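Below: one structure, written as structure tokens.
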Amino acid sequence: MLTLDDMYEVLSDSKKYTGYIMAHCEFLLAGHRGNDENPSMRVTKRGYSCMSCGAHGSLEKLYEKVSGRVVIRERRAYSPAAFIWKRWEDKFGSIQNIAKIAHRALTDNPDDGHYLQQRKVDSQIKNCMIGYLDGYYLFPIQNEFGEIDGLVARASPTIQTKNNRYSVSPNCSTKLYIPSWRKVLKDEYLYVPFGTIDAISLNIFGYAGLTGISGQELNAINLDRFRKPIFIIPDKGEERRAIEIQSQLGWRGMMLLIDWPEGTKDLNNIHVKYGIDTVLKLIEQSKERYKHD
């Protein structure tokens with residue numbers, strides 16, 4: 001099921017408000033072409049409508065128009081954790097094989113990396129061994145020895161539903177997603193955001209980023225082995241949870257409160273909409289404020 005966040009990622013020159021987005025009309029019907037200086041298309045979770053030319057329809061139709069990708073409308077009603085992992089393991093034999101096959105498939109078919117390109121993390125496909133399989137982006141969970149211990153599956157926007165967005169392979173003993181173990185073990189400070197793609201973005205920026213492989217795995221217990229300062233960077237609205245983790249970490253825990261630019265709620269949003277320099281500036285400003293508070 002497509003969300004307003006998915007639409008905001010693909011609509012250019014758009015502005016997000018509570019419950020809706022305003023954007024330039026993507027259909028430009030007769031008499032309207034070239035005359036949409038002010039955003040006239042309103043997008044809600046129910047669909048879109050242009051207040052100027054009258055164009056209207058579903059989110060799926062708009063997403064297909066803007067992104068050029070087909071949305072699969074009929075989906076199986078299943079829980080990913082109970083279905084995709086068993087199917088893939090029956091077919092490919094092991095988590096390690098699934099990771100290799102998915103990575104090769106994405107490397108051979110770079111157009112399938114459209115979502116990663118939108119999120120500006122496609123440069124890390126090789127380094128992080130990211131793959132694509134049956135509509136899911138797969139992020140290998142590696143231990144410090146470089147061994148693949150599990151996978152995080154992220155449903156692409158064309159197949160995701162409320163209950164089918166992220167899933168982790170069963171029996172994964174490594175509880176953290178770490179794009180670069182070398183950097184995490186070597187650097188003086190660690191940076192913990194609240195999402196896989198945010199951790200990858202931090203790695204691109206030059207920070208030692210890591211996160212939990214699922215919501216419940218992002219906790220002080222799984223960070224206990226790292227005896228160094230840890231900056232917690234919560235998504236917008238997740239500050240209370242960050243405070244809990246910070247307090248459990250003791251002297252190691254520090255929470256960074258980002259001054260979120262308009263239309264953003266996590267680090268990758270800033271990366272996509274405003275660029276790397278803006279992310280670096282906001283993180284460093286937050287660190288300075290923490291020192292003086």
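Chain labels run A, B, ... following the order of the structure tokens; each chain numbers its residues from 1, and ligands are numbered from 1 in the order shown.
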So which residues touch Tyr115 (chain A) within 10 Å, counting only C-alpha atoms, skipping near sequence neighbours fewer than 2 positions away, as a count of residues only? 17
Quick one: residues within 10 Å of Leu202 (chain A), only C-alpha atoms counted, chain neighbours fewer than 5 positions away excluded, as a count of residues only? 15
In region 84-158 of chain A, DSSP strand (DSSP E or B) residues written as a count of residues only: 18
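Here CA of Gly57 (chain A) stands at a distance of 26.8 Å from CA of Arg154 (chain A).
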Go ahead and compute the interatomic distance for CA of Glu147 (chain A) and CA of Gln96 (chain A), in Å to one decimal.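 Spanning CA of Glu147 (chain A) to CA of Gln96 (chain A) is a straight-line distance of 8.7 Å.
Shortest separation to Asp149 (chain A) among A:Tyr166, A:Phe205, A:Tyr177, A:Tyr189 occurs at residue A:Tyr177, atoms counted being only C-alpha atoms.
Using only C-alpha atoms for every distance, the candidate list A:Asn203, A:Gly195, A:Thr264, A:Gly253 yields A:Gly195 as the residue closest to Pro234 (chain A).
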Among the residues A:Gln248, A:Thr196, A:Ser169, A:Ser12, the one that comes closest to Arg87 (chain A) [using only C-alpha atoms]: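 Among the listed residues, A:Ser169 lies closest to Arg87 (chain A).
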One number please: CA of Pro140 (chain A) to CA of Leu257 (chain A), in Å, one decimal.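 Separation between CA of Pro140 (chain A) and CA of Leu257 (chain A): 29.0 Å.
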Region 217-260 of chain A: which residues are alpha helix (DSSP H) by DSSP, as a list in words?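 Residues of region 217-260 of chain A classed as alpha helix (DSSP H): Glu239, Arg240, Arg241, Ala242, Ile243, Glu244, Ile245, Gln246, Ser247, Gln248 and Leu249 of chain A.
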Those same residues - N, CA and C atoms - I'd like them written as a PDB file, in the first residue's frame.
ATOM      1  N   GLU A 239      11.643  10.800  19.881  1.00  0.00           N
ATOM      2  CA  GLU A 239      12.589  11.272  20.892  1.00  0.00           C
ATOM      3  C   GLU A 239      12.450  10.531  22.230  1.00  0.00           C
ATOM      4  N   ARG A 240      11.221  10.195  22.602  1.00  0.00           N
ATOM      5  CA  ARG A 240      11.028   9.523  23.891  1.00  0.00           C
ATOM      6  C   ARG A 240      11.763   8.196  23.924  1.00  0.00           C
ATOM      7  N   ARG A 241      11.673   7.456  22.843  1.00  0.00           N
ATOM      8  CA  ARG A 241      12.371   6.161  22.788  1.00  0.00           C
ATOM      9  C   ARG A 241      13.878   6.366  22.846  1.00  0.00           C
ATOM     10  N   ALA A 242      14.360   7.405  22.187  1.00  0.00           N
ATOM     11  CA  ALA A 242      15.798   7.699  22.212  1.00  0.00           C
ATOM     12  C   ALA A 242      16.262   8.028  23.626  1.00  0.00           C
ATOM     13  N   ILE A 243      15.430   8.746  24.382  1.00  0.00           N
ATOM     14  CA  ILE A 243      15.778   9.075  25.763  1.00  0.00           C
ATOM     15  C   ILE A 243      15.920   7.811  26.600  1.00  0.00           C
ATOM     16  N   GLU A 244      15.039   6.829  26.372  1.00  0.00           N
ATOM     17  CA  GLU A 244      15.111   5.566  27.103  1.00  0.00           C
ATOM     18  C   GLU A 244      16.432   4.844  26.815  1.00  0.00           C
ATOM     19  N   ILE A 245      16.804   4.780  25.525  1.00  0.00           N
ATOM     20  CA  ILE A 245      18.059   4.118  25.156  1.00  0.00           C
ATOM     21  C   ILE A 245      19.242   4.870  25.746  1.00  0.00           C
ATOM     22  N   GLN A 246      19.202   6.196  25.659  1.00  0.00           N
ATOM     23  CA  GLN A 246      20.281   7.026  26.183  1.00  0.00           C
ATOM     24  C   GLN A 246      20.491   6.780  27.679  1.00  0.00           C
ATOM     25  N   SER A 247      19.407   6.747  28.419  1.00  0.00           N
ATOM     26  CA  SER A 247      19.525   6.556  29.865  1.00  0.00           C
ATOM     27  C   SER A 247      20.086   5.182  30.208  1.00  0.00           C
ATOM     28  N   GLN A 248      19.759   4.174  29.402  1.00  0.00           N
ATOM     29  CA  GLN A 248      20.257   2.819  29.633  1.00  0.00           C
ATOM     30  C   GLN A 248      21.736   2.689  29.278  1.00  0.00           C
ATOM     31  N   LEU A 249      22.208   3.536  28.380  1.00  0.00           N
ATOM     32  CA  LEU A 249      23.613   3.475  27.970  1.00  0.00           C
ATOM     33  C   LEU A 249      24.542   4.138  28.985  1.00  0.00           C
TER      34      LEU A 249
END
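Within the 12 Å cut-off around Leu106 (chain A), using only C-alpha atoms and omitting residues fewer than 2 positions from it on the same chain, the listed residues are Ala99, Lys100, Ile101, Ala102, His103, Arg104, Asp108, Asn109, Pro110, Asp111, Asp112, Gly113, His114, Tyr115, Leu116, Asp122, Ile125, Lys126, Met129, Ile130, Gly131, Tyr132, Leu133, Asp134, Gly135, Tyr136, Tyr137, Leu138 and Phe139 of chain A.
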Counting only C-alpha atoms, which residue out of A:Arg165, A:Lys65, A:His24, A:Lys273 sits closest to Pro39 (chain A)? A:His24
Might you pull out every residue within 12 Å of Lys228 (chain A), with only C-alpha atoms counted and same-chain residues fewer than 2 positions away left off, and present them as a PyMOL selection string? chain A and resi 184-191+208+223-226+230-231+249-254
Selection near Tyr17 (chain A), 12 Å with only C-alpha atoms, sequence-local residues under 2 positions removed, as a short mmCIF file (atom, residue, chain, number, x, y, z; two decimals) with C-alpha atoms, in the first residue's frame:
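Heads up, here's the output in result.cif:
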data_model
loop_
_atom_site.label_atom_id
_atom_site.label_comp_id
_atom_site.auth_asym_id
_atom_site.auth_seq_id
_atom_site.Cartn_x
_atom_site.Cartn_y
_atom_site.Cartn_z
CA LEU A 4 2.11 9.84 1.37
CA ASP A 5 5.79 9.45 2.29
CA TYR A 8 6.54 12.77 -1.44
CA SER A 14 6.07 19.39 -3.75
CA LYS A 15 5.22 20.57 -0.25
CA GLY A 19 -2.49 14.71 5.88
CA TYR A 20 -1.81 15.90 2.32
CA ILE A 21 0.76 17.07 -0.24
CA MET A 22 0.52 19.97 -2.70
CA ALA A 23 2.39 19.50 -5.98
CA ARG A 42 -3.66 17.95 -3.89
CA VAL A 43 -2.53 14.45 -2.90
CA THR A 44 -4.06 12.59 0.05
CA GLU A 262 10.58 21.19 6.17
CA GLY A 263 9.22 17.91 4.83
CA THR A 264 11.76 15.64 6.56
#
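Residues in contact with Glu288 (chain A) at 12 Å, where only C-alpha atoms are counted and same-chain residues fewer than 6 positions away are skipped, are listed as Met254, Met255, Leu256, Leu257, Ile258, Lys281 and Leu282 of chain A.
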Output of the above residues as a tab-separated table (two decimals), in the first residue's frame, restricted to C-alpha atoms:
chain	number	residue	atom	x	y	z
A	254	MET	CA	24.06	11.03	23.93
A	255	MET	CA	20.94	12.04	22.02
A	256	LEU	CA	21.20	14.38	19.05
A	257	LEU	CA	18.13	16.51	18.35
A	258	ILE	CA	18.14	17.48	14.68
A	281	LYS	CA	25.86	20.72	9.06
A	282	LEU	CA	22.77	19.70	11.07
Nearest to Asn164 (chain A) by atom-to-atom distance, counting only C-alpha atoms, from A:Leu62, A:Cys50, A:Phe83, A:Glu284: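 That would be A:Phe83, the residue with the smallest distance to Asn164 (chain A).
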Could you give me, as a PyMOL selection string, the residues within 8 Å of Tyr63 (chain A), counting only C-alpha atoms and dropping anything in the same chain fewer than 6 positions from it? chain A and resi 7+10+69+71
